[in-house]
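Everything on this sheet refers to the single structure shown next.
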Amino acid sequence: MEVAITRAKGGMTEEVPGIVEAAEPPTSSQSPADVPHNLETEQMTPTKYSIISRNGVGTTGKHIPLLVNLFEVAVNVPDTVFFQYSVAITFEDKQAVESKGIGRKVIDRLYQTYSSELGGKRFVYDGGKTLYTVGPLPLNKYEFKVLLEKSFTKRSAKSPGANGSLHEETKRSKHSFQSKTFMVEISFATKIPLQSIVISLKEVESDTNSQDALRVLDTILRQRAANCGCLLVRQSFFHDDSRNFNDVGAGVTAVSGFHSSFRSTQRGLSLNIDVSTTIIIKPGPVIDFLLSNQQVKEPRYIDWEKAKKMLKNLRVQATHHNQEFKISGLSEKPCIQQLFSMKVKNDDNNSRGQTVDITVYEYFAKHCGIELTSSAYLPCLDVGKPKRPVYLPLELCSLVSLQRYTKVLSLMQRASLVEKSRQKPQDRIKILKSAVGKCYDDDPVLAACGISIEKQLNLIEGRVLETPKLKVGKNDDCIPHNGRWNFNKKTLLQASHIDYWAVVNFSASCDTSYISRELIRCGMSKGINIERPYTLIEEEPQLRKSHPVARVERMFDLLASKLNREPKLILCVLPERKICDIYGPWKKKCLSEIGVVTQCIAPVKITNQYLTNVLLKINSKLGGINSLLAIEHSGHLPLIKDTPTMILGMDVSHNSLGRLDSPSIAAVVGSRHWPLISRYRASVRMQASKVEMIDALYKPLENGSDDGIIRELLLDFYDSSNGRKPTQFIVFRDGVSESQFEQVLTIELNQIIKAYQHLGEVNVPQFTVIVAQKKHHIKLFLPNGPENVPPGTVVDTTITHPRNYDFYMCAHAGMLGTSRPVHYHVLLDEIGFSADGLQNLIHSLSYVNQRSTIATSVVAPICYAHHAAAQMGQLLNFDDSSETGSSPASEGGIPIPELPRLHRNVRSSMFFC
């Protein structure tokens, strides 16, 4: 296996074989630089910001027709009013019913039983505590008693229990409970006029009611999908159809379905439909799943501790009875040894017989006529309660379909998922047209609202912005074509000189002498003067099975014995790509302890393009510049050239350490060497799990060890920009939803201001704040032709928000699958960009990523922040608790690990390239 670098391509990712270089961990703190600044001042009152409205639309670029996966919605009865009711469902003992599956069954039964009392009104039920009707119910409050008979459930199964002859399963699970009586209270809550959607297109004050009305319409779609037995994941639904299943390895299956949601746009109400994918457990025999999941060939090799964790709370169907159970654990002993107590009736059929111990194996042989074969010496599934286990042999159990897989996917699974979920633009259009025709024509509730849905995709107008020109070495111009460029017969703008460096080889199959010669040759053609490496060190064969940390330490011992001074670069050849346990400890040693730039590779085939990709990264890390925007090179960037401007890219990565409860990683990159906008420094911190707002932007501590991310970046800006302090900030924020926009302005922006003032600045700088969203379901298509939309495509009319300042942009060339535009939201613009000026700046920032020769789908500062946050997990993954320091307990009581401090020699470099 070889290591790979991920490069943006077609809105997805493309694996380029042979390189592994990503964001190394920026320092968790920085010693105060010797920068003159004023005394610290008292912090001013937090500034209050409001989300701005659109102040115009762009006009530059070539106008082109586009299709978008929005379907126009006509409201033929605009005076429709939804009545919202609160629902409380309990058992007779007043215990609340939590399962949405049971809730839906109860409400369905209630409607059948009491339809006349309810005026024949149809319900729209969300599966929880709310239902809606079109028009009012006869009364404002009801109390009903609802009986779910056995015909509403699966018939019960008999399984060996711990304290009885046969344990009748009566769990209140999604599919398995006996005839029960439920108490249902329905009470009026509020009115929601459908007309509020139309009004909201013109009036800001109606936004809340509009969102409520859209929520009702979306609930109608969810209810329809639930009635069809679909798996619901927010506004996406998935049918149990094997034709939609794709195996992605290790017992995990990708299932394709549809996303559907109503949206308010400038044109009016629309229905957004898109193809969606989620991950489920592969249905079928439990033993088959465990073999695949743990990638072993025989059951005797299964790790049962891992199996227990993996199977917990999954639902299985007992094949000898038509009944479903939820797994609570595994038996302590194999089936043939696991005993349970059962009562044996006397000959006179008296139920008061004696209690005997019997094995699960014996029970099924004698009382069920089933001779267990493959699972006799394997643990049983426990589907009972903690103090009342119920055992089922593994070979008699199959995992039911459509159970979500919520654990972190491996890199190989992710790659397989991306590959198998790709669809060409024209194929996706056909699927979407078919879906809107089949799914919503006959919905009775939509019909009662007077809602009809157009069957064709919306035809809109977009613009293609002019491709920015680049400057490379020898003052040559480089004009990208279709979002791509190369350095064939060209040199780098500012090339490094590598005069003292070393090569280390952890791979037994690589010829490092050949690699170094070819790298020198390619470097010379790109303007990089590379001397012969001072030393080439091969790993000792006997160490290849040692612990990764020990292997790295031994390699550095060998380096120390060969080198007489600190090298400028260490080229590290790894033994495999993607999943390499050497990578983390190697990077930590180089960047945190030694302070030397390093480049890791794992080449399979040495080509000029491969070597060029490696050299782009090396040159950036060593302080060189591969290319600049021509307008940046000439110093003519509008609104930036005359005012010191700092560009920030901000992102938070969740579950990056491979555990669902792992801390989140917040990363911010800041531009340096103003007036350039292509050079950045990164700063990263750990924070509480699943917290989206960055809490370490301003974090002064009494001991002065960490004053937060922004102070670190501000001092660096001052150092690298000839003693100039930024007076305006352009902030790009990734990964937040619309409901969090206000928090970005009220929490994060004020933290930046506090950090700014902490360095003695009294005035508040000017801000332009832009949120970039990639996780949405809007797709753009060319009306004719199989290709994706051209790079530089922007849409800021018709399908955008009725009032807020947003637009969609495809800056990249989609070579694979269907391109996903980035949805940019401008929350604040105190700097005063025109619509054309801001769109062209964002488009240009997709061409400044120093590690790439293709336009990225999102601006480079966000790419860099994402690399820095996502890759930090690799540096901590190999640490055990004794090696990883921790800060005080997080909000959830789990200590948050501290990130390694970067050595001063590398902390200002673009080591994340």
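Residues in the structure tokens are named by chain (A, B, ... in the order shown) and by number from 1 within that chain; ligands are numbered from 1 in the order shown.
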
>> Need to verify the contact set: Met183 of chain A, 6 Å, only C-alpha atoms, exclusion of same-chain residues closer than 2 positions in sequence. Can you return it as a ChimeraX atom specification?
In response: /A:89-90,144-145

Compile the contact shell of Gly624 of chain A as a compact mmCIF listing (two decimals) with C-alpha atoms, in the first residue's frame: residues with an atom at most 7 Å away, counting only C-alpha atoms, same-chain residues fewer than 2 positions apart removed.
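Dumped to selection-v3.txt:
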```txt
# COMPACT_ATOMS: atom_id res chain seq x y z
CA GLN A 494 10.48 31.93 -5.33
CA ALA A 495 12.42 28.68 -5.21
CA SER A 496 14.25 27.43 -2.14
CA ASN A 619 9.14 24.57 -1.39
CA SER A 620 6.11 25.94 0.51
CA LEU A 622 10.77 25.94 3.35
CA ASN A 626 5.23 28.45 -5.97
```

>> List as a ChimeraX atom specification the protein and nucleic acid residues near segment 66-77 of chain A, meaning an atom at most 6 Å away when only C-alpha atoms are counted, but skip any in the same chain fewer than 5 places from it.
In response: /A:269-272,450-454,457-461,779-783

>> From a backbone DSSP assignment, name each residue in segment 644-775 of chain A labelled alpha helix (DSSP H), as number ranges by chain.
In response: A: 709-720, 741-743, 749-758

>> Which residues are near Met524 of chain A? Cut-off 12 Å, only C-alpha atoms, ignore same chain within fewer than 2 positions. Put them as a list in words.
In response: Lys489, Lys490, Thr491, Leu492, Ala495, Ser496, His497, Ile498, Arg517, Glu518, Leu519, Ile520, Arg521, Cys522, Lys526, Gly527, Ile528, Asn529, Ile530, Glu531, Arg532, Leu611, Thr612 and Leu615 of chain A

>> Between atom CA of Phe258 of chain A and atom CA of Glu787 of chain A, what distance in Å does the model show, to one decimal?
In response: 22.4 Å

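With distances restricted to only C-alpha atoms, A:Arg681 is the closest residue to Arg907 of chain A from A:Arg484, A:Lys308, A:Arg681, A:Arg724.
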
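Closest to Asp716 of chain A among A:Gln403, A:Gln773, A:Ser671, A:Ser328 is A:Ser671, based on only C-alpha atoms.
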